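Colleague: First the structure, then my questions, so here it is.
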Amino acid sequence: MSPFPSPTAEILVTRAPAPTPRRSLRSRLTERGRRREQAGPDRAILVLHDVTKQYPNGKIALRDVDLVIPEGDFVFLVGPSGAGKSTLIKLLIRDEVATRGEVVLDGQDLARLGRRAVPKIRRKIGIIFQDFKLLPTKSVWENVAFAMDVTGTPRRQIRPAVDRVLAIVGLTAQAKQIPSQLSGGEQQRTAIARALVHDPRLIIADEPTGNLDPLISWEILQLLLRINELGVTVLMATHNAEVVTALRKRVVALEEGRVIRDEVGGAYHRED
Amino acid sequence: MITFLFFSIRRAWQGFWRNALMSFAATATMVLMLLLLSGFWIIQTGLLAGLEFTEQKVEVIAYIQPNATDSQVEALTARMDAMPQVDTVTYVSRAEALERFRASMEEQGREDLTQFLESNPLFASVEITLIDPTAIREVGDALRQDMAVRNVINIEDLVERVLTVTNILRTGGTVLLIVIGVIVLFIIVNTIRLAVFARSEEIEIMRLVGASDAFIRWPFVFEGAFVGFLGAALTLAILAAAADPISGFMVEFFRVLPLEVGSLARDLITLVMGAGVGLGILGSWLSVRTYLIR
């Protein structure tokens with residue numbers, strides 16, 4: 001890597017051409033090997049280029065958003081309610097499609113994705129919500145296994161994978177309990193385990209500590225940081241100023257649909 | 001493919017039992033609606049059979065001139081037999097007519113006064129049954145033109161009035177059955193929609209973790225089919241238990257002797273199973289679709 005990477009070099013790397021169909025397994029494997037070599041800190045998992053989102057009712061939720069998130073990064077997405085955070089997340093999981101501009105996730109332009117390819121790209125993303133979104137009638141273990149079961153994973157692969165992620169989030173002992181028997185923190189850890197079970201490249205956390213008290217919030221943050229250390233990129237939308245300011249990670253601030261600040265080692269509020 | 005089928009059926013089974021309350025509510029609605037549908041269908045079938053039976057009784061009777069020769073009568077019956085609208089032609093001689101009269105008098109317990117007569121006052125007749133009762137006027141006219149015919153009993157107006165009534169009943173019954181069918185369709189589809197709506201969060205989670213549309217849809221479709229099958233089976237069990245009183249009622253009310261219970265039961269099983277399973281599948285398909293199209 002050149003010691004002075006030009007801005008275009010980054011885009012060249014991040015805009016990898018979409019995989020062409022009908023290539024041999026071998027060529028795909030060598031390509032993957034080459035990509036892994038390139039997977040330095042500069043390789044982007046996510047690129048937003050001039051993204052604008054206008055809803056059918058005319059409301060413009062995002063305006064000309066440019067954002068590059070390198071693989072392995074930890075990014076806080078901050079901003080007041082209605083700033084466009086939720087819309088941004090919806091674009092990333094392809095629940096919505098950008099009106100203008102490109103959203104490229106792991107080299108794939110989401111707007112050009114066919115219906116059938118959408119579920120596959122979602123398996124590269126683990127998503128965590130403020131309200132956990134656990135199934136109340138299923139145990140912790142079943143909630144995590146559910147994510148693999150409904151994506152057609154053979155059952156013999158499910159057990160070791162679920163056991164592994166439950167160990168990562170520290171819920172092995174609670175595996176048989178149902179969500180209502182768990183604390184809020186444990187429920188969120190279950191959701192994190194579910195997000196991890198597909199071995200995602202990117203974790204998107206939408207206000208993951210919004211329903212939790214400060215101590216538990218720190219616990220969840222610790223867990224997300226550890227997952228980040230394992231090499232998973234984390235994008236966390238939050239209102240939790242204390243956490244953002246204390247951790248000094250990259251902070252992307254949205255306001256009225258625009259990125260008004262993007263600084264590495266930033267605080268929750270602008271520090272001028 | 002086999003794995004997918006196995007997956008869908010397993011998930012459908014789980015879905016049914018884990019949401020037992022909703023599943024049973026849907027099944028109960030299904031049973032009530034299918035009972036309603038099959039009830040009206042049974043009545044409609046009985047009505048149709050009854051009407052047909054009544055219409056088959058329509059008969060044209062032509063009295064023969066007393067001086068008609070045997071060959072004239074033979075020519076008449078042959079000509080009538082050849083008409084496409086005619087089902088059967090029966091010649092009743094004067095002697096037979098007298099015998100019938102005496103038999104009916106005896107049946108009614110009245111004194112037979114014909115024994116005091118010197119000669120047989122009755123006319124010979126030709127009794128004609130029709131394939132299609134609407135042809136009565138044509139057949140009547142054809143008979144009147146024949147030289148051997150003395151007179152034809154004029155029941156055309158009466159028959160036409162009866163046919164108007166039976167046609168109204170037939171159309172009315174069909175319309176009612178269709179209306180009931182549409183009502184049943186909407187109620188069942190809506191009940192399943194509610195049951196699926198109660199699990200919209202499950203569908204949302206499935207989408208978020210990257211389940212393909214097929215993996216979301218088919219378990220629900222199988223579950224709908226299962227609810228439909230169960231509902232239909234329960235309905236048929238109830239109908240089977242009530243079969244004796246129902247057929248008793250049918251025979252009593254419609255006086256339908258030619259109705260075959262075997263074919264009625266077979267049609268009913270097809271109807272109830274088809275409607276149950278079909279509506280279960282349709283309901284689930286439509287309900288899940290609203291969550292998949294985005």
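Just remember, in the structure tokens the first chain shown is A, the second B, etc., residues are 1-based per chain, and ligands are 1-based in the order shown.
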Can you tell me, as a PyMOL selection string, what residues are no more than 8 Å from Arg123 (chain A) when counting only C-alpha atoms, ignoring any on the same chain fewer than 3 positions away?

Modeller: (chain A and resi 119-120+126+198+200) or (chain B and resi 209-210)

Colleague: For chain A, work out the contacting residues on chain B at 7 Å, counting only C-alpha atoms, and write them as an mmCIF file with N, CA and C atoms, in the first residue's frame.

Modeller:
data_model
loop_
_atom_site.group_PDB
_atom_site.id
_atom_site.type_symbol
_atom_site.label_atom_id
_atom_site.label_comp_id
_atom_site.auth_asym_id
_atom_site.auth_seq_id
_atom_site.Cartn_x
_atom_site.Cartn_y
_atom_site.Cartn_z
ATOM 1 N N GLU B 202 -42.763 -12.005 13.888
ATOM 2 C CA GLU B 202 -41.985 -13.175 13.506
ATOM 3 C C GLU B 202 -41.560 -13.060 12.037
ATOM 4 N N MET B 206 -37.817 -12.750 10.507
ATOM 5 C CA MET B 206 -37.349 -13.656 9.452
ATOM 6 C C MET B 206 -36.728 -12.868 8.303
ATOM 7 N N LEU B 208 -35.431 -9.875 8.461
ATOM 8 C CA LEU B 208 -34.200 -9.199 8.885
ATOM 9 C C LEU B 208 -33.003 -10.141 8.964
ATOM 10 N N VAL B 209 -33.248 -11.384 9.347
ATOM 11 C CA VAL B 209 -32.115 -12.296 9.448
ATOM 12 C C VAL B 209 -31.793 -12.925 8.092
ATOM 13 N N GLY B 210 -32.516 -12.508 7.062
ATOM 14 C CA GLY B 210 -32.150 -12.941 5.716
ATOM 15 C C GLY B 210 -32.838 -14.202 5.240
ATOM 16 N N ALA B 211 -34.074 -14.439 5.724
ATOM 17 C CA ALA B 211 -34.821 -15.586 5.204
ATOM 18 C C ALA B 211 -35.377 -15.217 3.836
ATOM 19 N N SER B 212 -35.310 -16.139 2.894
ATOM 20 C CA SER B 212 -35.844 -15.852 1.564
ATOM 21 C C SER B 212 -37.367 -15.904 1.623
ATOM 22 N N PHE B 215 -38.956 -19.265 2.147
ATOM 23 C CA PHE B 215 -38.840 -19.805 3.504
ATOM 24 C C PHE B 215 -39.811 -19.123 4.457
#

Colleague: Can you list, as a PyMOL selection string, all residues belonging to region 30-109 of chain B that DSSP tags as helix (DSSP H, G or I)?

Modeller: chain B and resi 30-56+70-82+94-107

Colleague: Got a sec to tell me which of region 36-260 of chain B DSSP assigns to strand (DSSP E or B), as a list in words?

Modeller: Glu59, Val60, Ile61, Ala62, Tyr63, Ile64, Val86, Asp87, Thr88, Val89, Thr90, Tyr91, Val92, Ser125, Val126, Glu127, Ile128, Thr129, Leu130, Val149, Arg150, Asn151 and Val152 of chain B

Colleague: Can you tell me which residues surround region 85-94 of chain B at a distance of at most 9 Å, considering only C-alpha atoms, apart from same-chain residues fewer than 2 positions away, and format the answer as a count of residues only?

Modeller: 29

Colleague: Looking at only C-alpha atoms, which of B:Ile293, B:Val189, B:Ile238, B:Leu268 is the one that sits closest to Met30 (chain B)?

Modeller: B:Val189

Colleague: Please report, as a tab-separated table, each residue of region 39-108 of chain B lying at most 12 Å from region 147-167 of chain B, together with the nearest pair of atoms and the separation in Å rounded to one decimal; use only C-alpha atoms, and order rows by chain and ascending residue number.

Modeller:
residue	atom	partner	partner_atom	distance
B:Leu47	CA	B:Thr166	CA	9.3
B:Leu48	CA	B:Thr166	CA	8.8
B:Ala49	CA	B:Thr166	CA	11.1
B:Gly50	CA	B:Thr166	CA	9.5
B:Leu51	CA	B:Thr166	CA	6.2
B:Glu52	CA	B:Thr166	CA	8.8
B:Phe53	CA	B:Thr166	CA	11.0
B:Thr54	CA	B:Thr166	CA	9.0
B:Glu55	CA	B:Leu163	CA	7.7
B:Gln56	CA	B:Val159	CA	11.2
B:Lys57	CA	B:Val159	CA	10.3
B:Val58	CA	B:Val159	CA	7.3
B:Glu59	CA	B:Ile155	CA	9.0
B:Val60	CA	B:Ile153	CA	7.1
B:Ile61	CA	B:Ile153	CA	5.9
B:Ala62	CA	B:Val152	CA	4.3
B:Tyr63	CA	B:Arg150	CA	5.4
B:Ile64	CA	B:Val149	CA	4.5
B:Gln65	CA	B:Arg150	CA	4.6
B:Pro66	CA	B:Arg150	CA	8.0
B:Asn67	CA	B:Ala148	CA	8.1
B:Ala68	CA	B:Ala148	CA	5.4
B:Thr69	CA	B:Ala148	CA	8.0
B:Asp70	CA	B:Ala148	CA	9.8
B:Ser71	CA	B:Ala148	CA	9.9
B:Gln72	CA	B:Ala148	CA	6.3
B:Val73	CA	B:Ala148	CA	6.6
B:Glu74	CA	B:Ala148	CA	10.0
B:Ala75	CA	B:Ala148	CA	9.4
B:Leu76	CA	B:Ala148	CA	7.5
B:Thr77	CA	B:Ala148	CA	10.5

Colleague: Please provide as a ChimeraX atom specification all residues within 9 Å of Val184 (chain B), with the sequence filter that same-chain residues fewer than 5 positions apart are discarded (counting only C-alpha atoms).

Modeller: /B:30,33-34,36-37,179,189

Colleague: Could you tell me which of A:Pro160, A:Gly58, A:Gly84, A:Gly72 comes closest to Gly257 (chain A) if we count only C-alpha atoms?

Modeller: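 Checking each of A:Pro160, A:Gly58, A:Gly84, A:Gly72 against Gly257 (chain A), counting only C-alpha atoms, the winner is A:Gly84.
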
Colleague: Got a sec: who's within 12 Å of Gly15 (chain B), counting only C-alpha atoms, leaving out chain neighbours fewer than 2 positions off, as an MDAnalysis selection string?

Modeller: (chainID A and resid 137:138) or (chainID B and resid 7:13 17:24 195:196 198:199 202:203 216 218:224 226:227)

Colleague: If we count only C-alpha atoms and set the cut-off at 10 Å, which residues sit around Leu236 (chain B), ignoring sequence neighbours fewer than 6 positions away in its own chain? Please answer as a list in words.

Modeller: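 Residues near the query, excluding close chain neighbours: Val31, Leu34, Leu35, Ser38, Leu230, Ala242, Ala243, Ala265, Leu268, Ile269, Val272 and Met273 of chain B.
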
Colleague: With C-alpha atoms retained, write the just-selected residues as a PDB file, in the first residue's frame.

Modeller:
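Writing done, so here's result-v6.pdb:
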ATOM      1  CA  VAL B  31     -65.662 -25.379  10.952  1.00  0.00           C
ATOM      2  CA  LEU B  34     -67.890 -24.889   6.320  1.00  0.00           C
ATOM      3  CA  LEU B  35     -70.959 -26.097   8.207  1.00  0.00           C
ATOM      4  CA  SER B  38     -72.367 -27.414   3.413  1.00  0.00           C
ATOM      5  CA  LEU B 230     -58.470 -29.961  10.222  1.00  0.00           C
ATOM      6  CA  ALA B 242     -75.803 -35.693  11.906  1.00  0.00           C
ATOM      7  CA  ALA B 243     -76.242 -37.646   8.660  1.00  0.00           C
ATOM      8  CA  ALA B 265     -71.706 -37.768   0.460  1.00  0.00           C
ATOM      9  CA  LEU B 268     -69.991 -33.105   0.041  1.00  0.00           C
ATOM     10  CA  ILE B 269     -66.580 -34.478   1.039  1.00  0.00           C
ATOM     11  CA  VAL B 272     -65.848 -29.345   2.234  1.00  0.00           C
ATOM     12  CA  MET B 273     -62.260 -30.587   1.819  1.00  0.00           C
TER      13      MET B 273
END

Colleague: Given only C-alpha atoms as the basis, pick out the residue of A:Glu102, A:Glu242, A:Asp163, A:Glu271 nearest to Asp64 (chain A).

Modeller: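 Of A:Glu102, A:Glu242, A:Asp163, A:Glu271, the one nearest Asp64 (chain A) is A:Glu102, counting only C-alpha atoms.
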
Colleague: If I take CA of Ile69 (chain A) and CA of Ile89 (chain A), how far is one from the other in Å, to one decimal?

Modeller: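 We find that CA of Ile69 (chain A) and CA of Ile89 (chain A) lie 13.6 Å from each other.
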
Colleague: So how many Å separate CA of Leu196 (chain A) and CA of Val165 (chain A), to one decimal?

Modeller: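 Here the two named atoms are 6.6 Å from each other.
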
Colleague: Within 12 Å of Lys85 (chain A), counting only C-alpha atoms, which residues show up once you throw out same-chain ones fewer than 4 positions away? Write them as a ChimeraX atom specification, please.

Modeller: /A:53,61-62,65,76-81,89-92,204-207,235-239,252-259

Colleague: Can I get the selection written as a short mmCIF file (atom, residue, chain, number, x, y, z; two decimals), in the first residue's frame, with N, CA and C atoms?

Modeller:
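Okay, again_20.cif is ready:
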data_model
loop_
_atom_site.label_atom_id
_atom_site.label_comp_id
_atom_site.auth_asym_id
_atom_site.auth_seq_id
_atom_site.Cartn_x
_atom_site.Cartn_y
_atom_site.Cartn_z
N LYS A 53 -32.71 10.09 -0.24
CA LYS A 53 -33.91 9.27 -0.11
C LYS A 53 -35.12 10.17 0.08
N ALA A 61 -35.72 12.33 3.45
CA ALA A 61 -35.14 11.88 4.71
C ALA A 61 -33.61 11.98 4.69
N LEU A 62 -33.01 11.80 3.52
CA LEU A 62 -31.55 11.89 3.40
C LEU A 62 -31.22 12.73 2.16
N VAL A 65 -25.91 12.09 0.88
CA VAL A 65 -25.06 11.53 1.94
C VAL A 65 -23.90 10.76 1.31
N PHE A 76 -20.11 5.49 15.38
CA PHE A 76 -21.34 5.94 16.02
C PHE A 76 -22.10 6.82 15.05
N LEU A 77 -23.38 6.58 14.93
CA LEU A 77 -24.24 7.42 14.10
C LEU A 77 -25.13 8.20 15.06
N VAL A 78 -24.94 9.51 15.10
CA VAL A 78 -25.70 10.31 16.07
C VAL A 78 -26.52 11.37 15.34
N GLY A 79 -27.41 11.96 16.10
CA GLY A 79 -28.27 12.99 15.53
C GLY A 79 -29.63 12.94 16.18
N PRO A 80 -30.34 14.09 16.15
CA PRO A 80 -31.66 14.12 16.79
C PRO A 80 -32.65 13.19 16.08
N SER A 81 -33.76 12.93 16.75
CA SER A 81 -34.80 12.11 16.13
C SER A 81 -35.26 12.79 14.84
N ILE A 89 -30.44 3.33 8.07
CA ILE A 89 -30.37 1.90 8.41
C ILE A 89 -31.27 1.08 7.49
N LYS A 90 -32.45 1.64 7.19
CA LYS A 90 -33.36 0.93 6.27
C LYS A 90 -32.73 0.75 4.89
N LEU A 91 -31.96 1.75 4.46
CA LEU A 91 -31.30 1.63 3.16
C LEU A 91 -30.24 0.52 3.21
N LEU A 92 -29.54 0.44 4.36
CA LEU A 92 -28.45 -0.53 4.46
C LEU A 92 -28.98 -1.97 4.45
N ILE A 204 -25.24 -3.80 12.58
CA ILE A 204 -25.93 -2.52 12.67
C ILE A 204 -26.74 -2.54 13.95
N ALA A 205 -26.46 -1.59 14.85
CA ALA A 205 -27.18 -1.54 16.11
C ALA A 205 -27.98 -0.24 16.15
N ASP A 206 -29.31 -0.39 16.18
CA ASP A 206 -30.19 0.78 16.19
C ASP A 206 -30.62 1.05 17.63
N GLU A 207 -30.01 2.04 18.27
CA GLU A 207 -30.31 2.37 19.67
C GLU A 207 -30.27 1.13 20.57
N LEU A 235 -21.73 -0.51 13.24
CA LEU A 235 -22.34 0.81 13.04
C LEU A 235 -23.45 0.93 14.05
N MET A 236 -23.29 1.91 14.99
CA MET A 236 -24.26 1.99 16.08
C MET A 236 -24.93 3.36 16.10
N ALA A 237 -26.23 3.36 15.87
CA ALA A 237 -27.00 4.60 15.99
C ALA A 237 -27.37 4.77 17.46
N THR A 238 -27.14 5.94 18.01
CA THR A 238 -27.42 6.10 19.43
C THR A 238 -27.68 7.55 19.83
N HIS A 239 -28.39 7.69 20.94
CA HIS A 239 -28.57 9.00 21.59
C HIS A 239 -27.74 9.08 22.86
N VAL A 252 -20.34 9.90 13.22
CA VAL A 252 -21.00 10.50 12.06
C VAL A 252 -22.30 11.13 12.56
N ALA A 253 -22.41 12.46 12.39
CA ALA A 253 -23.60 13.15 12.88
C ALA A 253 -24.50 13.52 11.71
N LEU A 254 -25.78 13.18 11.86
CA LEU A 254 -26.77 13.52 10.83
C LEU A 254 -27.67 14.62 11.37
N GLU A 255 -28.07 15.53 10.49
CA GLU A 255 -29.09 16.49 10.87
C GLU A 255 -29.88 16.85 9.63
N GLU A 256 -31.17 16.76 9.73
CA GLU A 256 -32.07 17.03 8.61
C GLU A 256 -31.63 16.32 7.33
N GLY A 257 -31.19 15.09 7.50
CA GLY A 257 -30.86 14.27 6.34
C GLY A 257 -29.47 14.49 5.77
N ARG A 258 -28.68 15.36 6.37
CA ARG A 258 -27.32 15.59 5.86
C ARG A 258 -26.30 15.14 6.89
N VAL A 259 -25.14 14.75 6.39
CA VAL A 259 -24.02 14.47 7.31
C VAL A 259 -23.40 15.82 7.65
#
